[in-house]
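Chemist: Enclosed is the structure file my_file_14.txt (compact mmCIF, C-alpha atoms).
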```
# COMPACT_ATOMS: atom_id res chain seq x y z
CA MET R 111 -32.04 10.47 -72.32
CA TRP R 112 -32.67 10.56 -76.09
CA ASP R 113 -34.59 13.83 -75.74
CA ASP R 114 -31.61 15.36 -73.94
CA VAL R 115 -29.27 14.36 -76.77
CA LYS R 116 -31.67 15.75 -79.39
CA GLY R 117 -31.94 18.99 -77.41
CA MET R 118 -28.17 19.32 -77.14
CA VAL R 119 -27.63 18.61 -80.83
CA GLY R 120 -30.40 21.04 -81.79
CA GLY R 121 -28.98 23.68 -79.48
CA GLY R 122 -25.49 23.16 -80.93
CA ILE R 123 -26.78 23.51 -84.48
CA MET R 124 -28.67 26.68 -83.56
CA ALA R 125 -25.52 28.11 -81.93
CA VAL R 126 -23.47 27.44 -85.08
CA ILE R 127 -26.17 29.02 -87.27
CA ALA R 128 -26.26 32.10 -85.03
CA TYR R 129 -22.44 32.35 -85.07
CA LEU R 130 -22.39 32.17 -88.88
CA GLU R 131 -25.09 34.85 -89.27
CA PRO R 132 -22.61 37.39 -90.78
CA ILE R 133 -22.06 35.08 -93.77
CA ARG R 134 -25.71 34.09 -94.14
CA GLY R 135 -26.10 36.05 -97.40
CA GLU R 136 -23.04 34.39 -98.91
CA GLU R 137 -24.20 30.94 -97.84
CA MET R 138 -27.72 31.52 -99.21
CA SER R 139 -26.39 32.74 -102.56
CA LEU R 140 -24.13 29.68 -102.77
CA LEU R 141 -27.05 27.41 -101.88
CA THR R 142 -29.11 29.02 -104.65
CA ILE R 143 -26.40 28.59 -107.29
CA PHE R 144 -25.75 24.97 -106.27
CA VAL R 145 -29.46 24.12 -106.44
CA LEU R 146 -29.79 25.79 -109.85
CA ASN R 147 -26.68 23.97 -111.07
CA PHE R 148 -28.06 20.65 -109.84
CA PHE R 149 -31.38 21.08 -111.61
CA ALA R 150 -29.84 22.46 -114.82
CA GLY R 151 -27.46 19.50 -114.95
CA TYR R 152 -30.23 17.05 -114.15
CA LEU R 153 -32.54 18.46 -116.83
CA SER R 154 -29.75 18.62 -119.38
CA GLY R 155 -28.82 15.01 -118.73
CA MET R 156 -32.41 13.81 -118.75
CA LEU R 157 -33.77 15.82 -121.70
CA VAL R 158 -30.74 16.10 -124.00
CA ASP R 159 -28.39 13.24 -123.15
CA LYS R 160 -31.21 10.84 -122.18
CA GLU R 161 -29.37 9.88 -118.99
CA PRO R 162 -31.30 8.43 -116.07
CA PHE R 163 -30.94 10.04 -112.65
CA SER R 164 -27.46 9.31 -111.27
CA LEU R 165 -27.12 9.14 -107.51
CA LYS R 166 -23.34 9.29 -107.97
CA LYS R 167 -23.57 12.64 -109.81
CA ALA R 168 -26.07 13.98 -107.28
CA LEU R 169 -23.83 13.05 -104.37
CA ARG R 170 -20.84 14.61 -106.13
CA CYS R 171 -22.81 17.85 -106.54
CA ILE R 172 -23.81 17.79 -102.87
CA GLY R 173 -20.22 16.99 -101.88
CA GLU R 174 -18.84 19.93 -103.88
CA ALA R 175 -21.36 22.26 -102.29
CA THR R 176 -20.51 20.95 -98.83
CA VAL R 177 -16.80 21.57 -99.38
CA PHE R 178 -17.44 25.21 -100.28
CA PHE R 179 -19.86 25.75 -97.37
CA VAL R 180 -17.37 24.29 -94.92
CA LEU R 181 -14.53 26.32 -96.47
CA CYS R 182 -16.48 29.55 -95.97
CA ALA R 183 -17.45 28.62 -92.40
CA VAL R 184 -13.86 27.71 -91.50
CA LEU R 185 -12.49 30.90 -93.06
CA PHE R 186 -14.98 32.93 -91.04
CA PHE R 187 -14.06 31.07 -87.85
CA ILE R 188 -10.31 31.52 -88.40
CA GLY R 189 -10.74 35.20 -89.30
CA ASP R 190 -12.80 35.71 -86.16
CA LEU R 191 -10.17 33.99 -84.01
CA LYS R 192 -7.46 36.20 -85.49
CA GLY R 193 -9.55 39.33 -84.92
CA GLU R 194 -9.78 39.83 -88.68
CA LYS R 195 -13.49 39.27 -89.20
CA GLN R 196 -13.71 41.91 -91.95
CA GLY R 197 -10.81 40.36 -93.84
CA ALA R 198 -12.44 36.94 -93.56
CA LEU R 199 -15.70 38.37 -94.89
CA GLN R 200 -13.85 39.85 -97.89
CA CYS R 201 -12.13 36.54 -98.57
CA ILE R 202 -15.45 34.67 -98.34
CA SER R 203 -17.03 37.22 -100.67
CA PHE R 204 -14.25 36.70 -103.22
CA ILE R 205 -14.65 32.93 -103.02
CA SER R 206 -18.43 33.14 -103.41
CA TYR R 207 -18.17 35.43 -106.46
CA THR R 208 -15.67 33.03 -108.00
CA ILE R 209 -18.01 30.10 -107.37
CA LEU R 210 -20.95 32.07 -108.74
CA TYR R 211 -19.00 32.83 -111.93
CA PHE R 212 -17.95 29.27 -112.72
CA TYR R 213 -21.24 27.67 -111.72
CA ALA R 214 -23.24 30.30 -113.64
CA LEU R 215 -21.23 29.38 -116.75
CA ASN R 216 -22.06 25.73 -116.18
CA ILE R 217 -25.75 26.51 -115.70
CA LEU R 218 -25.83 28.60 -118.89
CA LYS R 219 -24.02 25.84 -120.79
CA ASN R 220 -26.64 23.32 -119.66
CA LEU R 221 -29.49 25.71 -120.49
CA LYS R 222 -28.07 26.15 -124.00
CA LYS R 223 -28.26 22.38 -124.41
CA ILE R 224 -31.86 22.29 -123.15
CA LEU R 225 -33.35 25.22 -125.05
CA LYS R 226 -34.39 24.99 -128.68
CA ARG R 227 -31.98 26.78 -131.03
CA GLY R 228 -33.34 29.93 -132.60
CA THR R 229 -35.80 30.74 -129.80
CA SER R 230 -35.55 34.01 -127.93
CA ALA R 231 -34.73 32.18 -124.71
CA PHE R 232 -31.85 30.35 -126.42
CA LYS R 233 -30.51 33.62 -127.85
CA VAL R 234 -30.58 35.30 -124.43
CA VAL R 235 -28.85 32.36 -122.75
CA ALA R 236 -26.29 32.04 -125.58
CA PHE R 237 -25.54 35.78 -125.35
CA LEU R 238 -25.11 35.63 -121.56
CA TYR R 239 -22.87 32.60 -121.94
CA TYR R 240 -20.78 34.47 -124.53
CA ILE R 241 -20.50 37.55 -122.31
CA LEU R 242 -19.41 35.54 -119.27
CA SER R 243 -17.16 33.07 -121.06
CA VAL R 244 -15.42 35.42 -123.53
CA GLU R 245 -15.97 39.14 -122.93
CA PHE R 246 -15.94 39.10 -119.12
CA ILE R 247 -12.58 37.32 -119.09
CA LYS R 248 -10.99 40.15 -121.09
CA HIS R 249 -11.70 42.55 -118.21
CA VAL R 250 -10.40 40.30 -115.43
CA PRO R 251 -6.70 39.70 -116.16
CA LEU R 252 -6.17 37.16 -113.37
CA LEU R 253 -9.07 35.07 -114.65
CA SER R 254 -7.77 35.28 -118.20
CA ASN R 255 -4.30 34.19 -117.07
CA TYR R 256 -5.76 31.33 -115.04
CA ILE R 257 -7.86 30.04 -117.94
CA ASN R 258 -4.89 30.25 -120.35
CA ILE R 259 -2.60 28.39 -117.94
CA THR R 260 -5.25 25.78 -117.18
CA HIS R 261 -5.94 25.26 -120.88
CA LYS R 262 -2.21 24.82 -121.58
CA ASN R 263 -1.87 22.32 -118.71
CA ILE R 264 -4.81 20.30 -120.02
CA GLU R 265 -3.33 20.29 -123.52
CA ASN R 266 0.06 19.15 -122.14
CA GLU R 267 -1.59 16.30 -120.22
CA LYS R 268 -3.15 15.02 -123.45
CA ASP R 269 0.24 14.72 -125.16
```
Once you've parsed the file, please lay out its structure as structure tokens.
Modeler:
Amino acid sequence: MWDDVKGMVGGGIMAVIAYLEPIRGEEMSLLTIFVLNFFAGYLSGMLVDKEPFSLKKALRCIGEATVFFVLCAVLFFIGDLKGEKQGALQCISFISYTILYFYALNILKNLKKILKRGTSAFKVVAFLYYILSVEFIKHVPLLSNYINITHKNIENEKD
């Protein structure tokens, strides 16, 4: 009986994986950025802030990643049901690039904290952080507007 249940669960998981094959590249890139973010945050906390490992922070990181994976899978499923698979793929691509942008900034911020100032590695990371956080925004008007509005809302909440 137990073997039958394991076989059915395994078969179901394999069917879902096969169904989601068109977004495999997006899911793998998201997995990579979430793993890098986890380790950069962990190292930054451990080496710079002298924080012990926090299961709460680790579970939050895993939870955030899970939300985005499920969002992409659901968008693909809904797009497929509507006969708009290509549109769903474009939407998922947009979401994954957005996630990659914000998490890459966070990774670079943590690496800046870890690396020794004045080293070549620090200069490269600091330059990349500058490019993504300042110069890149100038060329993406929607992102610039979003950051300005978000900043104003945060400032208003403080008052």
Chemist: CA of Phe148 in chain R to CA of Cys171 in chain R: how many Å, to one decimal?
Modeler: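 Separation between CA of Phe148 in chain R and CA of Cys171 in chain R: 6.8 Å.
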Chemist: So which residues are close to (-15.9, 34.0, -90.6), meaning at most 8 Å away in the file's coordinates with only C-alpha atoms counted, and can you show them as a list in words?
Modeler: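 Residues with an atom close enough to that point: Leu130, Pro132, Ile133, Cys182, Ala183, Val184, Leu185, Phe186, Phe187, Ile188, Gly189, Asp190, Lys195, Ala198, Leu199 and Ile202 of chain R.
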Chemist: Using all atoms listed in the file, which residues sit within 7 Å of Lys222 in chain R once same-chain residues fewer than 3 positions away are excluded, as an mmCIF file with C-alpha atoms, in the frame of the given file?
Modeler:
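Writing the result to around.cif gives the following:
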```cif
data_model
loop_
_atom_site.group_PDB
_atom_site.id
_atom_site.type_symbol
_atom_site.label_atom_id
_atom_site.label_comp_id
_atom_site.auth_asym_id
_atom_site.auth_seq_id
_atom_site.Cartn_x
_atom_site.Cartn_y
_atom_site.Cartn_z
ATOM 1 C CA LEU R 218 -25.830 28.600 -118.890
ATOM 2 C CA LYS R 219 -24.020 25.840 -120.790
ATOM 3 C CA LEU R 225 -33.350 25.220 -125.050
ATOM 4 C CA PHE R 232 -31.850 30.350 -126.420
ATOM 5 C CA VAL R 235 -28.850 32.360 -122.750
ATOM 6 C CA ALA R 236 -26.290 32.040 -125.580
#
```
Chemist: Tyr239 in chain R: which residues within 12 Å, counting all atoms listed in the file, same-chain residues fewer than 4 positions away excluded, as JSON, numbers by chain?
Modeler: {"R": [211, 212, 213, 214, 215, 216, 217, 218, 219, 220, 221, 222, 223, 232, 233, 234, 235, 243, 244, 245, 246, 247]}
Chemist: Can you tell me, as a tab-separated table (two decimals) with C-alpha atoms, in the coordinates of the input, what residues are no more than 8 Å from Phe179 in chain R when counting all atoms listed in the file, ignoring any on the same chain fewer than 4 positions away?
Modeler:
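Full text of out-v7.tsv as output:
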```tsv
chain	number	residue	atom	x	y	z
R	137	GLU	CA	-24.20	30.94	-97.84
R	140	LEU	CA	-24.13	29.68	-102.77
R	175	ALA	CA	-21.36	22.26	-102.29
R	183	ALA	CA	-17.45	28.62	-92.40
```
Chemist: Please, what distance in Å, to one decimal, runs between CA of Leu181 in chain R and CA of His249 in chain R?
Modeler: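 According to the coordinates, CA of Leu181 in chain R and CA of His249 in chain R are separated by 27.3 Å.
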